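**Student:** Quick one: structure below, then a few questions.
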Amino acid sequence: MLHIILYAIVPIFVVMALGYFSGKAGAFSGQDARVLNKVVLNYALPCALFVSIVKANRAMLAVDAKLSVITFVVLTAAFLLVYFIFKMYKGNTAADAAIAALVSGSPTIGFLGFAVLQPIFGESATVGLVIAIVAIEVNAVGIPLGLWLLNRAQASSNAAQNGGKKPNPFTPMWNALKQPVAWAPILAVILVLVGVKWPAELDPSFTLMSGANASLACFAAGITLSSVKVVINAQVWLGAFLRLIFTPLIVLAVGIIFHMEPANLKMLVIASALPPAMSGIIIASRNNVYVATSTSSLAVSTLLFMGTCPMWLWLSDLAIKQFLM
């Protein structure tokens, strides 16, 4: 756990702190953070998502069909549940709820997946399999779905303000799919499903850009925090609960009901209990929607993960011994 804290959690806060203090010192502004997020959202993140997914293959998805099905069904259902919970929250708009789902409804598997799971479970192929399947769900399903919900909410709001008719329901979907952060992971999944082998020689051309993803995102999140009022309210705690407690609990329960392989179930529980996806913060800042609450939720959830991670290791061991062995 000390290794995870030092190598995965602390760097997030260090880079966010650099962004925060540079913002407070006047070196960067909230507008600068949106420019950095534009670079991440349109270039670095799509490259990172594409390369991480396209290296998978059809056999990988078929090795453990139960793992794939449970991952996609449960995490997508949890994403939608977060959306509807925050949409019903007094004072929230549908756009706020979409950002809340992108943040609290998805784990930051691409950023922390290997950093957290490998020190705990080793560098086996199974660890990579679990991370790859969760990454495909989060990036190829969660991000496009969240962008569609956000674009639909914004289109409806604009129509209402202008006294116009309801927007075409397919327009927000098309606007979402036009964004690189949505179509890049979908394209990668299509290539995997049709059996296209990704040439290793092309990796450096994509990884150089994708390497800026996590660092720029954390730095921009810090700048954003310096330019908005940090809030620690009920929605922040609710988001942390849904991300760190509720989703992994549902994963554990469903995995036990359908008798998942114990080792895979334990890894999936930890993967689903990771802090909020950084992509949600980037999209929030880019669209200037729900920025303060979502960024505060990221900071609080990441801090709390240092306690919830060992808790889920203990609880999943206990449940597996009780019901699967």
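Identifiers in the structure tokens: chain A, B, ... in order shown; residue index from 1 per chain; ligand index from 1 in order shown.
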Write out as a list of chain:residue names which residues come within 10 Å of Ile85 in chain A when counting only C-alpha atoms, dropping same-chain ones fewer than 5 positions away.
**Tutor:**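 Listing them by chain and then by number gives A:Leu80, A:Ala97, A:Ala100, A:Ala101, A:Leu238, A:Gly239, A:Leu242.
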**Student:** Using only C-alpha atoms, which protein or nucleic acid residues come within 10 Å of Met267 in chain A? Drop anything in the same chain fewer than 6 positions from it, and give the result as a ChimeraX atom specification.
**Tutor:** /A:117-118,120-121,126-127,130-131,273,313,316
**Student:** Limited to C-alpha atoms, could you put the picked residues into a file as a compact mmCIF listing (two decimals), in the first residue's frame?
**Tutor:**
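For reference, result.txt as written:
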```txt
# COMPACT_ATOMS: atom_id res chain seq x y z
CA LEU A 117 -3.02 -3.40 -9.60
CA GLN A 118 0.50 -4.55 -10.50
CA ILE A 120 -0.86 -5.87 -5.50
CA PHE A 121 -1.39 -8.73 -7.97
CA THR A 126 -4.42 -11.62 -16.16
CA VAL A 127 -3.79 -8.23 -14.58
CA VAL A 130 -8.66 -7.00 -16.40
CA ILE A 131 -7.20 -3.52 -16.94
CA ALA A 273 -12.84 1.19 -6.80
CA LEU A 313 -8.78 -5.93 -0.50
CA SER A 316 -13.20 -9.01 -1.27
```
**Student:** Set the distance at 6 Å and use only C-alpha atoms: which residues neighbour range 209-223 of chain A once local chain neighbours fewer than 4 positions away are removed? I'd like the list as a PDB file with N, CA, C and O atoms, in the first residue's frame.
**Tutor:**
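Saved to out-v9.pdb:
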```pdb
ATOM      1  N   VAL A  15       1.588  17.155  -8.679  1.00  0.00           N
ATOM      2  CA  VAL A  15       1.397  17.876  -9.940  1.00  0.00           C
ATOM      3  C   VAL A  15       0.204  18.828  -9.839  1.00  0.00           C
ATOM      4  O   VAL A  15       0.257  19.958 -10.340  1.00  0.00           O
ATOM      5  N   MET A  16      -0.882  18.396  -9.157  1.00  0.00           N
ATOM      6  CA  MET A  16      -2.015  19.294  -8.945  1.00  0.00           C
ATOM      7  C   MET A  16      -1.598  20.497  -8.110  1.00  0.00           C
ATOM      8  O   MET A  16      -2.030  21.626  -8.372  1.00  0.00           O
ATOM      9  N   ALA A  17      -0.736  20.271  -7.100  1.00  0.00           N
ATOM     10  CA  ALA A  17      -0.265  21.373  -6.262  1.00  0.00           C
ATOM     11  C   ALA A  17       0.564  22.360  -7.072  1.00  0.00           C
ATOM     12  O   ALA A  17       0.451  23.583  -6.894  1.00  0.00           O
ATOM     13  N   GLY A  19       0.203  22.992 -10.233  1.00  0.00           N
ATOM     14  CA  GLY A  19      -0.757  23.767 -11.011  1.00  0.00           C
ATOM     15  C   GLY A  19      -1.491  24.777 -10.155  1.00  0.00           C
ATOM     16  O   GLY A  19      -1.709  25.923 -10.571  1.00  0.00           O
ATOM     17  N   TYR A  20      -1.863  24.349  -8.938  1.00  0.00           N
ATOM     18  CA  TYR A  20      -2.616  25.230  -8.029  1.00  0.00           C
ATOM     19  C   TYR A  20      -1.793  26.461  -7.660  1.00  0.00           C
ATOM     20  O   TYR A  20      -2.265  27.599  -7.765  1.00  0.00           O
ATOM     21  N   GLY A  23      -1.175  28.818 -10.480  1.00  0.00           N
ATOM     22  CA  GLY A  23      -2.371  29.622 -10.726  1.00  0.00           C
ATOM     23  C   GLY A  23      -2.505  30.745  -9.719  1.00  0.00           C
ATOM     24  O   GLY A  23      -2.829  31.888 -10.077  1.00  0.00           O
ATOM     25  N   ALA A  33      -5.943  26.957 -18.218  1.00  0.00           N
ATOM     26  CA  ALA A  33      -6.295  25.576 -17.893  1.00  0.00           C
ATOM     27  C   ALA A  33      -7.194  24.988 -18.972  1.00  0.00           C
ATOM     28  O   ALA A  33      -7.047  23.815 -19.349  1.00  0.00           O
ATOM     29  N   VAL A  40      -5.211  18.203 -24.133  1.00  0.00           N
ATOM     30  CA  VAL A  40      -5.386  16.852 -23.594  1.00  0.00           C
ATOM     31  C   VAL A  40      -6.578  16.163 -24.247  1.00  0.00           C
ATOM     32  O   VAL A  40      -6.485  15.014 -24.705  1.00  0.00           O
ATOM     33  N   ALA A  44      -3.856  14.441 -26.685  1.00  0.00           N
ATOM     34  CA  ALA A  44      -3.137  13.511 -25.813  1.00  0.00           C
ATOM     35  C   ALA A  44      -4.015  12.352 -25.345  1.00  0.00           C
ATOM     36  O   ALA A  44      -3.616  11.186 -25.434  1.00  0.00           O
ATOM     37  N   LEU A  45      -5.216  12.659 -24.836  1.00  0.00           N
ATOM     38  CA  LEU A  45      -6.097  11.601 -24.339  1.00  0.00           C
ATOM     39  C   LEU A  45      -6.555  10.664 -25.452  1.00  0.00           C
ATOM     40  O   LEU A  45      -6.519   9.442 -25.273  1.00  0.00           O
ATOM     41  N   CYS A  47      -4.984   9.836 -28.151  1.00  0.00           N
ATOM     42  CA  CYS A  47      -3.830   8.986 -28.473  1.00  0.00           C
ATOM     43  C   CYS A  47      -3.636   7.903 -27.414  1.00  0.00           C
ATOM     44  O   CYS A  47      -3.396   6.731 -27.726  1.00  0.00           O
ATOM     45  N   ALA A  48      -3.747   8.303 -26.139  1.00  0.00           N
ATOM     46  CA  ALA A  48      -3.569   7.349 -25.049  1.00  0.00           C
ATOM     47  C   ALA A  48      -4.646   6.265 -25.084  1.00  0.00           C
ATOM     48  O   ALA A  48      -4.357   5.073 -24.903  1.00  0.00           O
TER      49      ALA A  48
END
```
**Student:** Once DSSP has gone over the backbone, tell me which residues of range 167-274 of chain A are in helix (DSSP H, G or I), as a ChimeraX atom specification.
**Tutor:** /A:170-177,180-193,200-210,212-227,234-257,262-272
**Student:** For Pro248 in chain A, which of A:Val236, A:Val231, A:Leu41, A:Leu274 is the closest residue, counting only C-alpha atoms?
**Tutor:**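 Comparing A:Val236, A:Val231, A:Leu41, A:Leu274 against Pro248 in chain A, the winner is A:Leu274.
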**Student:** Name the residues in contact with range 104-116 of chain A at a cut-off of 9 Å, using only C-alpha atoms, excluding same-chain residues fewer than 3 positions from it; report them as number ranges by chain.
**Tutor:** A: 1, 3-5, 7-9, 48-49, 52, 75-76, 78-83, 99-101, 119-121, 123, 127-128, 131-132, 134-135, 138-139, 142-143, 213-214, 238-244, 247, 270-280, 294, 297-298, 301
**Student:** Could you check how far CA of Ala98 in chain A sits from CA of Asn287 in chain A, in Å to one decimal?
**Tutor:**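 Separation between CA of Ala98 in chain A and CA of Asn287 in chain A: 11.6 Å.
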